[in-house]
Amino acid sequence: MTENNAPTPHTFLILGGNSDLAGRLLIPGIADYLSLTPQASIRIVGSSRSDDHDYPGFIRDALADADADGITDDVIDHLADTATWVTADATDLDDLTTAVEHAVHRDPDARLVIYYGLAPEVTDDTIDHLRQITLPDNTVLAMEKPFGVDAPSAAELEDKLAATVTEDHIFRVDHFLSQAATINLIGALEANHLLQAGWNNTAVETIDIVYDEALGLEGRADFYDSTGAAEDMLQSHLLNTAAHILAATDPDTSVNDVLDAATADVSAARRARYTAGTVEGRELPAYADEEGVDPQRQTETLAQVTFTVDNDQWRGVPVTLRSGKAIGNALQAITVTYKPTEQHPDAPTTRLVVPFEDKIAVDLNVADHGDPEALQQVRLNSALSPSRLTPYGRIVKAIVTDDHDVEVPAGAPERAWAIMQPVLDAFSSGEVPLDEYEAGSHGPQEWFD
């Protein structure tokens, strides 16, 4: 806090300041947070090795297209009018020094947040340089995934970060930890004995975390074709989500404890890519025919992996992660399926469904016309009051307020890579075949037969 008890001002130095991530997610998140918290003060300094002669215009365009309600004109004007740009190659020590000094000089009293939206290999070089630059004592390094490209590189990144700033000045960003489904489920588990008492392998039969999308490649071949669904979604977003919800109710079990106990079932892993089809009225070409795609890479657009956690709370409960592109009637939800009771082993399945939006549903069995032996299933479905903050608005708030509950903890990226590596190896070697599914379908038919 400043002397007049106003919130500490912040300067966000965004490396990759005119990237898709910055324009589509981070800058709208900053604006979203400021619109809800007008007493806060944030300035943006954008930087990359390419010139941007109208960065204020870039910010205005980003906020005009933002999928966030409530962003005020005053906030848009403030962010655009105070924004500056530094053309700098983050892998060059002199350039990076210039960018950092510019950001600090913009407001010497502000807390500096260096926000990384860079490829892993670029990030590594940049962290090496930061150790040679005098940073303000309260500097925060906000790191976007992917954290490395495998377990060893993730561990190396952690070592470099630890040698640069203290752990409380590192924020590992995964916006799925700020998604409504994750926050709503953890909140419900922590606040309700009804749910908390059954959050274990005695009551839970399976957990499924599915994030399918109707979108196809959308011009992202440069990134996606070298990554695929398993690395892009399962290794990071969905595995992080799973670890956080599984650790939610036991204060003696951390996210890293869950990851340490987790093992992926390679024999149950599946992958596929879409062929030509129609999704929500849009004609999509086959993935292999999309511009910029190398069909020989055998990149999957749909991946599914099941893992188990060998601890007392979760032993024997399969947790399935699935994510795919060009899926018809795409499901995006965490689904908890409960075991049948001893009294009614053949009753319809009881489920808790938490979509990746502000809703929650429970499928329950109730007595039909007062006869306890005759059951009917009902769905209790509720729309929740929507959060005013988007996931990236929540991330910005967490960074500004030093709330590390919604970040990826130290060590988790290395563990997540280690869990997924046998699956990725099986994909790469062809041990797991690359199936196909028509765009607009739910996936390969043989997965459901």
# chains A, B, ... in the order shown; residues from 1 in each chain; ligands from 1
$ residues_around --residues "Ala229 in chain A" --least-positions-apart "2" --cutoff "9 Å" --atoms "only C-alpha atoms" --output "list of chain:residue names"
A:Tyr224, A:Thr227, A:Glu231, A:Asp232, A:Met233, A:Leu234, A:Gln235, A:Arg271, A:Thr299, A:Glu300, A:Thr301, A:Leu302, A:Ala303, A:Gln304, A:Arg322, A:Ser323, A:Gly324, A:Lys325
$ write_last_selection --atoms "C-alpha atoms" --output "CSV table (one decimal), in the first residue's frame"
chain,number,residue,atom,x,y,z
A,224,TYR,CA,-1.0,-26.3,-32.6
A,227,THR,CA,1.8,-29.4,-29.9
A,231,GLU,CA,0.2,-31.2,-24.7
A,232,ASP,CA,-2.0,-28.1,-25.2
A,233,MET,CA,-4.9,-29.1,-22.9
A,234,LEU,CA,-4.4,-32.4,-21.0
A,235,GLN,CA,-0.8,-31.9,-19.7
A,271,ARG,CA,-6.0,-39.9,-29.8
A,299,THR,CA,-0.9,-34.4,-34.6
A,300,GLU,CA,-4.0,-35.3,-32.7
A,301,THR,CA,-6.9,-32.8,-32.3
A,302,LEU,CA,-8.7,-35.0,-29.7
A,303,ALA,CA,-7.0,-36.7,-26.8
A,304,GLN,CA,-8.2,-38.8,-23.9
A,322,ARG,CA,-10.5,-35.3,-22.6
A,323,SER,CA,-10.2,-32.4,-24.9
A,324,GLY,CA,-10.9,-32.1,-28.7
A,325,LYS,CA,-11.5,-29.6,-31.4
$ select_by_dssp --residues "range 73-173 of chain A" --states "strand (DSSP E)" --output "list in words"
Thr84, Trp85, Val86, Thr87, Arg111, Leu112, Val113, Ile114, Tyr115, Tyr116, Val140, Leu141, Ala142, Met143, Glu144, Ile170, Phe171, Arg172 and Val173 of chain A
$ atom_distance --atom1 "CA of Asp125 in chain A" --atom2 "CA of Leu157 in chain A"
10.1 Å
$ closest_atom_pairs --of "range 319-389 of chain A" --to "range 200-214 of chain A" --cutoff "10 Å" --atoms "only C-alpha atoms" --output "Markdown table"
| residue | atom | partner | partner_atom | distance |
| --- | --- | --- | --- | --- |
| A:Val319 | CA | A:Ile207 | CA | 4.8 |
| A:Thr320 | CA | A:Asp208 | CA | 4.8 |
| A:Leu321 | CA | A:Ile209 | CA | 5.0 |
| A:Arg322 | CA | A:Val210 | CA | 4.8 |
| A:Ser323 | CA | A:Asp212 | CA | 4.8 |
| A:Gly324 | CA | A:Asp212 | CA | 4.7 |
| A:Lys325 | CA | A:Glu213 | CA | 4.9 |
| A:Ala326 | CA | A:Ala214 | CA | 4.4 |
| A:Ile327 | CA | A:Ala214 | CA | 4.8 |
| A:Gly328 | CA | A:Ala214 | CA | 6.1 |
| A:Asn329 | CA | A:Ala214 | CA | 7.4 |
| A:Ala330 | CA | A:Asp212 | CA | 5.1 |
| A:Leu331 | CA | A:Asp212 | CA | 5.6 |
| A:Gln332 | CA | A:Tyr211 | CA | 4.3 |
| A:Ala333 | CA | A:Val210 | CA | 5.5 |
| A:Ile334 | CA | A:Ile209 | CA | 4.5 |
| A:Thr335 | CA | A:Asp208 | CA | 5.1 |
| A:Val336 | CA | A:Ile207 | CA | 4.7 |
| A:Thr337 | CA | A:Thr206 | CA | 5.2 |
| A:Tyr338 | CA | A:Val204 | CA | 4.4 |
| A:Lys339 | CA | A:Glu205 | CA | 5.0 |
| A:Pro340 | CA | A:Ala203 | CA | 8.4 |
| A:Thr341 | CA | A:Ala203 | CA | 8.8 |
| A:Thr350 | CA | A:Val204 | CA | 9.8 |
| A:Arg351 | CA | A:Val204 | CA | 9.4 |
| A:Leu352 | CA | A:Ile207 | CA | 9.6 |
| A:Val353 | CA | A:Asp208 | CA | 9.6 |
| A:Val354 | CA | A:Ile209 | CA | 9.6 |
| A:Pro355 | CA | A:Val210 | CA | 9.3 |
| A:Phe356 | CA | A:Tyr211 | CA | 8.2 |
$ closest_residue --among "A:Ala221, A:Gly148, A:Asp92, A:Gly23" --to "Ala64 in chain A" --atoms "only C-alpha atoms"
A:Gly23
$ residues_around --residues "range 167-184 of chain A" --least-positions-apart "6" --cutoff "6 Å" --atoms "only C-alpha atoms" --output "VMD selection string"
chain A and resid 140 to 144 237 354 to 358 391 406 to 408
$ write_last_selection --atoms "C-alpha atoms" --output "mmCIF file, in the first residue's frame"
data_model
loop_
_atom_site.group_PDB
_atom_site.id
_atom_site.type_symbol
_atom_site.label_atom_id
_atom_site.label_comp_id
_atom_site.auth_asym_id
_atom_site.auth_seq_id
_atom_site.Cartn_x
_atom_site.Cartn_y
_atom_site.Cartn_z
ATOM 1 C CA VAL A 140 6.715 -10.201 -9.996
ATOM 2 C CA LEU A 141 7.396 -12.702 -12.771
ATOM 3 C CA ALA A 142 4.094 -13.962 -14.194
ATOM 4 C CA MET A 143 4.690 -17.043 -16.331
ATOM 5 C CA GLU A 144 2.242 -18.426 -18.877
ATOM 6 C CA HIS A 237 -4.989 -27.156 -18.063
ATOM 7 C CA VAL A 354 -20.177 -28.648 -12.945
ATOM 8 C CA PRO A 355 -19.927 -26.998 -16.374
ATOM 9 C CA PHE A 356 -17.182 -24.550 -17.342
ATOM 10 C CA GLU A 357 -19.691 -21.760 -16.862
ATOM 11 C CA ASP A 358 -21.705 -20.542 -13.906
ATOM 12 C CA PRO A 391 -10.782 -15.932 -15.690
ATOM 13 C CA VAL A 406 -5.165 -19.919 -8.146
ATOM 14 C CA GLU A 407 -1.646 -20.410 -9.458
ATOM 15 C CA VAL A 408 0.262 -23.511 -10.470
#
$ atom_distance --atom1 "CA of Tyr392 in chain A" --atom2 "CA of Ala151 in chain A"
26.4 Å
$ closest_residue --among "A:Ala22, A:Ala347, A:Ala416, A:Val45" --to "Ala374 in chain A" --atoms "only C-alpha atoms"
A:Ala347
$ residues_around --residues "range 97-112 of chain A" --least-positions-apart "4" --cutoff "9 Å" --atoms "only C-alpha atoms" --output "PyMOL selection string"
chain A and resi 2+8-13+41-47+84-88+90+92-93+129-130+132-141+400
$ write_last_selection --atoms "N, CA and C atoms" --output "tab-separated table (two decimals), in the first residue's frame"
chain	number	residue	atom	x	y	z
A	2	THR	N	0.42	2.31	-0.65
A	2	THR	CA	1.12	3.57	-0.65
A	2	THR	C	0.81	4.33	0.64
A	8	THR	N	-1.31	-0.12	-4.14
A	8	THR	CA	-0.04	0.05	-4.83
A	8	THR	C	-0.26	0.03	-6.34
A	9	PRO	N	0.24	1.03	-7.06
A	9	PRO	CA	0.11	0.98	-8.53
A	9	PRO	C	0.97	-0.13	-9.11
A	10	HIS	N	0.57	-0.63	-10.25
A	10	HIS	CA	1.29	-1.71	-10.92
A	10	HIS	C	1.57	-1.33	-12.37
A	11	THR	N	2.73	-1.72	-12.83
A	11	THR	CA	3.06	-1.63	-14.25
A	11	THR	C	3.24	-3.04	-14.79
A	12	PHE	N	2.43	-3.40	-15.78
A	12	PHE	CA	2.54	-4.71	-16.43
A	12	PHE	C	3.41	-4.56	-17.68
A	13	LEU	N	4.63	-5.09	-17.63
A	13	LEU	CA	5.48	-5.18	-18.81
A	13	LEU	C	5.17	-6.50	-19.49
A	41	SER	N	-4.66	0.87	-9.79
A	41	SER	CA	-3.96	1.59	-10.85
A	41	SER	C	-3.01	0.64	-11.56
A	42	ILE	N	-3.21	0.46	-12.86
A	42	ILE	CA	-2.35	-0.40	-13.66
A	42	ILE	C	-2.02	0.33	-14.97
A	43	ARG	N	-0.75	0.32	-15.32
A	43	ARG	CA	-0.30	0.79	-16.63
A	43	ARG	C	0.25	-0.39	-17.41
A	44	ILE	N	0.16	-0.32	-18.71
A	44	ILE	CA	0.66	-1.39	-19.57
A	44	ILE	C	1.83	-0.88	-20.40
A	45	VAL	N	2.90	-1.66	-20.40
A	45	VAL	CA	4.02	-1.44	-21.32
A	45	VAL	C	4.13	-2.71	-22.16
A	46	GLY	N	3.93	-2.58	-23.46
A	46	GLY	CA	4.04	-3.72	-24.35
A	46	GLY	C	5.41	-3.78	-24.97
A	47	SER	N	5.85	-5.01	-25.27
A	47	SER	CA	7.16	-5.15	-25.88
A	47	SER	C	7.23	-6.44	-26.69
A	84	THR	N	2.47	2.35	-23.32
A	84	THR	CA	3.64	2.64	-24.15
A	84	THR	C	4.19	1.35	-24.74
A	85	TRP	N	5.03	1.51	-25.73
A	85	TRP	CA	5.59	0.36	-26.44
A	85	TRP	C	7.10	0.46	-26.48
A	86	VAL	N	7.78	-0.68	-26.29
A	86	VAL	CA	9.22	-0.76	-26.42
A	86	VAL	C	9.55	-1.90	-27.38
A	87	THR	N	10.16	-1.57	-28.48
A	87	THR	CA	10.60	-2.61	-29.40
A	87	THR	C	11.88	-3.22	-28.84
A	88	ALA	N	11.82	-4.50	-28.49
A	88	ALA	CA	12.95	-5.15	-27.84
A	88	ALA	C	12.89	-6.65	-28.06
A	90	ALA	N	13.54	-9.91	-26.42
A	90	ALA	CA	13.70	-10.34	-25.02
A	90	ALA	C	14.88	-11.29	-24.84
A	92	ASP	N	17.80	-10.66	-26.08
A	92	ASP	CA	18.99	-9.81	-26.13
A	92	ASP	C	19.09	-9.05	-24.82
A	93	LEU	N	20.21	-9.17	-24.14
A	93	LEU	CA	20.36	-8.56	-22.81
A	93	LEU	C	20.16	-7.06	-22.85
A	129	HIS	N	18.87	-13.70	-18.78
A	129	HIS	CA	19.23	-12.28	-18.84
A	129	HIS	C	18.74	-11.52	-17.62
A	130	LEU	N	17.56	-11.86	-17.12
A	130	LEU	CA	17.00	-11.11	-16.00
A	130	LEU	C	17.91	-11.16	-14.78
A	132	GLN	N	20.91	-10.78	-14.75
A	132	GLN	CA	21.97	-9.79	-14.93
A	132	GLN	C	21.44	-8.35	-14.90
A	133	ILE	N	20.12	-8.21	-14.69
A	133	ILE	CA	19.49	-6.90	-14.66
A	133	ILE	C	19.06	-6.60	-13.22
A	134	THR	N	19.28	-5.37	-12.80
A	134	THR	CA	18.83	-4.96	-11.47
A	134	THR	C	17.33	-4.72	-11.52
A	135	LEU	N	16.58	-5.59	-10.86
A	135	LEU	CA	15.13	-5.49	-10.84
A	135	LEU	C	14.68	-4.84	-9.54
A	136	PRO	N	13.58	-4.09	-9.56
A	136	PRO	CA	13.03	-3.60	-8.30
A	136	PRO	C	12.75	-4.76	-7.35
A	137	ASP	N	12.86	-4.50	-6.06
A	137	ASP	CA	12.74	-5.56	-5.07
A	137	ASP	C	11.39	-6.28	-5.12
A	138	ASN	N	10.35	-5.57	-5.53
A	138	ASN	CA	9.00	-6.17	-5.49
A	138	ASN	C	8.55	-6.68	-6.86
A	139	THR	N	9.48	-6.91	-7.77
A	139	THR	CA	9.13	-7.39	-9.10
A	139	THR	C	8.46	-8.76	-9.05
A	140	VAL	N	7.42	-8.92	-9.86
A	140	VAL	CA	6.71	-10.20	-10.00
A	140	VAL	C	6.96	-10.74	-11.39
A	141	LEU	N	7.29	-12.03	-11.48
A	141	LEU	CA	7.40	-12.70	-12.77
A	141	LEU	C	6.15	-13.56	-12.95
A	400	VAL	N	-2.15	-8.96	-8.43
A	400	VAL	CA	-2.11	-7.66	-7.75
A	400	VAL	C	-2.26	-7.83	-6.24
$ atom_distance --atom1 "CA of Ala243 in chain A" --atom2 "CA of Arg394 in chain A"
19.5 Å
$ select_by_dssp --residues "range 78-203 of chain A" --states "helix (DSSP H, G or I)" --output "NGL selection string"
:A and (78-82 or 93-106 or 120-130 or 151-162 or 167-169 or 175-178 or 180-191 or 193-196)
$ closest_residue --among "A:Val113, A:Ile245, A:Ala31, A:Ala62" --to "His78 in chain A" --atoms "only C-alpha atoms"
A:Ala31
$ decode --residues "range 119-142 of chain A" --atoms "N, CA and C atoms" --output "PDB file, in the first residue's frame"
ATOM      1  N   ALA A 119       7.335 -18.338 -26.014  1.00  0.00           N
ATOM      2  CA  ALA A 119       7.619 -19.765 -26.187  1.00  0.00           C
ATOM      3  C   ALA A 119       8.647 -20.218 -25.148  1.00  0.00           C
ATOM      4  N   PRO A 120       8.631 -21.510 -24.771  1.00  0.00           N
ATOM      5  CA  PRO A 120       9.527 -21.979 -23.703  1.00  0.00           C
ATOM      6  C   PRO A 120      10.999 -21.673 -23.952  1.00  0.00           C
ATOM      7  N   GLU A 121      11.470 -21.865 -25.191  1.00  0.00           N
ATOM      8  CA  GLU A 121      12.893 -21.642 -25.454  1.00  0.00           C
ATOM      9  C   GLU A 121      13.259 -20.165 -25.320  1.00  0.00           C
ATOM     10  N   VAL A 122      12.329 -19.273 -25.671  1.00  0.00           N
ATOM     11  CA  VAL A 122      12.580 -17.839 -25.523  1.00  0.00           C
ATOM     12  C   VAL A 122      12.552 -17.464 -24.041  1.00  0.00           C
ATOM     13  N   THR A 123      11.619 -18.034 -23.319  1.00  0.00           N
ATOM     14  CA  THR A 123      11.518 -17.756 -21.892  1.00  0.00           C
ATOM     15  C   THR A 123      12.809 -18.107 -21.167  1.00  0.00           C
ATOM     16  N   ASP A 124      13.373 -19.259 -21.472  1.00  0.00           N
ATOM     17  CA  ASP A 124      14.610 -19.680 -20.816  1.00  0.00           C
ATOM     18  C   ASP A 124      15.721 -18.647 -21.009  1.00  0.00           C
ATOM     19  N   ASP A 125      15.900 -18.181 -22.249  1.00  0.00           N
ATOM     20  CA  ASP A 125      16.943 -17.192 -22.522  1.00  0.00           C
ATOM     21  C   ASP A 125      16.686 -15.894 -21.766  1.00  0.00           C
ATOM     22  N   THR A 126      15.413 -15.510 -21.698  1.00  0.00           N
ATOM     23  CA  THR A 126      15.064 -14.259 -21.050  1.00  0.00           C
ATOM     24  C   THR A 126      15.323 -14.315 -19.546  1.00  0.00           C
ATOM     25  N   ILE A 127      14.996 -15.435 -18.927  1.00  0.00           N
ATOM     26  CA  ILE A 127      15.260 -15.579 -17.488  1.00  0.00           C
ATOM     27  C   ILE A 127      16.755 -15.496 -17.210  1.00  0.00           C
ATOM     28  N   ASP A 128      17.561 -16.084 -18.084  1.00  0.00           N
ATOM     29  CA  ASP A 128      19.018 -15.972 -17.922  1.00  0.00           C
ATOM     30  C   ASP A 128      19.450 -14.510 -17.903  1.00  0.00           C
ATOM     31  N   HIS A 129      18.871 -13.700 -18.778  1.00  0.00           N
ATOM     32  CA  HIS A 129      19.231 -12.284 -18.838  1.00  0.00           C
ATOM     33  C   HIS A 129      18.741 -11.516 -17.618  1.00  0.00           C
ATOM     34  N   LEU A 130      17.563 -11.860 -17.123  1.00  0.00           N
ATOM     35  CA  LEU A 130      16.997 -11.112 -16.002  1.00  0.00           C
ATOM     36  C   LEU A 130      17.911 -11.159 -14.779  1.00  0.00           C
ATOM     37  N   ARG A 131      18.656 -12.254 -14.639  1.00  0.00           N
ATOM     38  CA  ARG A 131      19.552 -12.353 -13.481  1.00  0.00           C
ATOM     39  C   ARG A 131      20.695 -11.332 -13.561  1.00  0.00           C
ATOM     40  N   GLN A 132      20.907 -10.776 -14.752  1.00  0.00           N
ATOM     41  CA  GLN A 132      21.969  -9.785 -14.932  1.00  0.00           C
ATOM     42  C   GLN A 132      21.437  -8.352 -14.897  1.00  0.00           C
ATOM     43  N   ILE A 133      20.122  -8.213 -14.685  1.00  0.00           N
ATOM     44  CA  ILE A 133      19.488  -6.903 -14.656  1.00  0.00           C
ATOM     45  C   ILE A 133      19.063  -6.598 -13.224  1.00  0.00           C
ATOM     46  N   THR A 134      19.278  -5.366 -12.799  1.00  0.00           N
ATOM     47  CA  THR A 134      18.834  -4.957 -11.473  1.00  0.00           C
ATOM     48  C   THR A 134      17.327  -4.722 -11.519  1.00  0.00           C
ATOM     49  N   LEU A 135      16.583  -5.592 -10.863  1.00  0.00           N
ATOM     50  CA  LEU A 135      15.129  -5.488 -10.835  1.00  0.00           C
ATOM     51  C   LEU A 135      14.676  -4.839  -9.538  1.00  0.00           C
ATOM     52  N   PRO A 136      13.580  -4.094  -9.560  1.00  0.00           N
ATOM     53  CA  PRO A 136      13.032  -3.599  -8.297  1.00  0.00           C
ATOM     54  C   PRO A 136      12.746  -4.758  -7.348  1.00  0.00           C
ATOM     55  N   ASP A 137      12.865  -4.501  -6.059  1.00  0.00           N
ATOM     56  CA  ASP A 137      12.736  -5.563  -5.069  1.00  0.00           C
ATOM     57  C   ASP A 137      11.391  -6.280  -5.124  1.00  0.00           C
ATOM     58  N   ASN A 138      10.349  -5.572  -5.525  1.00  0.00           N
ATOM     59  CA  ASN A 138       9.005  -6.168  -5.495  1.00  0.00           C
ATOM     60  C   ASN A 138       8.548  -6.679  -6.856  1.00  0.00           C
ATOM     61  N   THR A 139       9.480  -6.915  -7.766  1.00  0.00           N
ATOM     62  CA  THR A 139       9.131  -7.391  -9.105  1.00  0.00           C
ATOM     63  C   THR A 139       8.460  -8.760  -9.053  1.00  0.00           C
ATOM     64  N   VAL A 140       7.416  -8.919  -9.863  1.00  0.00           N
ATOM     65  CA  VAL A 140       6.715 -10.201  -9.996  1.00  0.00           C
ATOM     66  C   VAL A 140       6.964 -10.744 -11.391  1.00  0.00           C
ATOM     67  N   LEU A 141       7.287 -12.026 -11.480  1.00  0.00           N
ATOM     68  CA  LEU A 141       7.396 -12.702 -12.771  1.00  0.00           C
ATOM     69  C   LEU A 141       6.152 -13.563 -12.955  1.00  0.00           C
ATOM     70  N   ALA A 142       5.311 -13.206 -13.903  1.00  0.00           N
ATOM     71  CA  ALA A 142       4.094 -13.962 -14.194  1.00  0.00           C
ATOM     72  C   ALA A 142       4.352 -14.798 -15.438  1.00  0.00           C
TER      73      ALA A 142
END
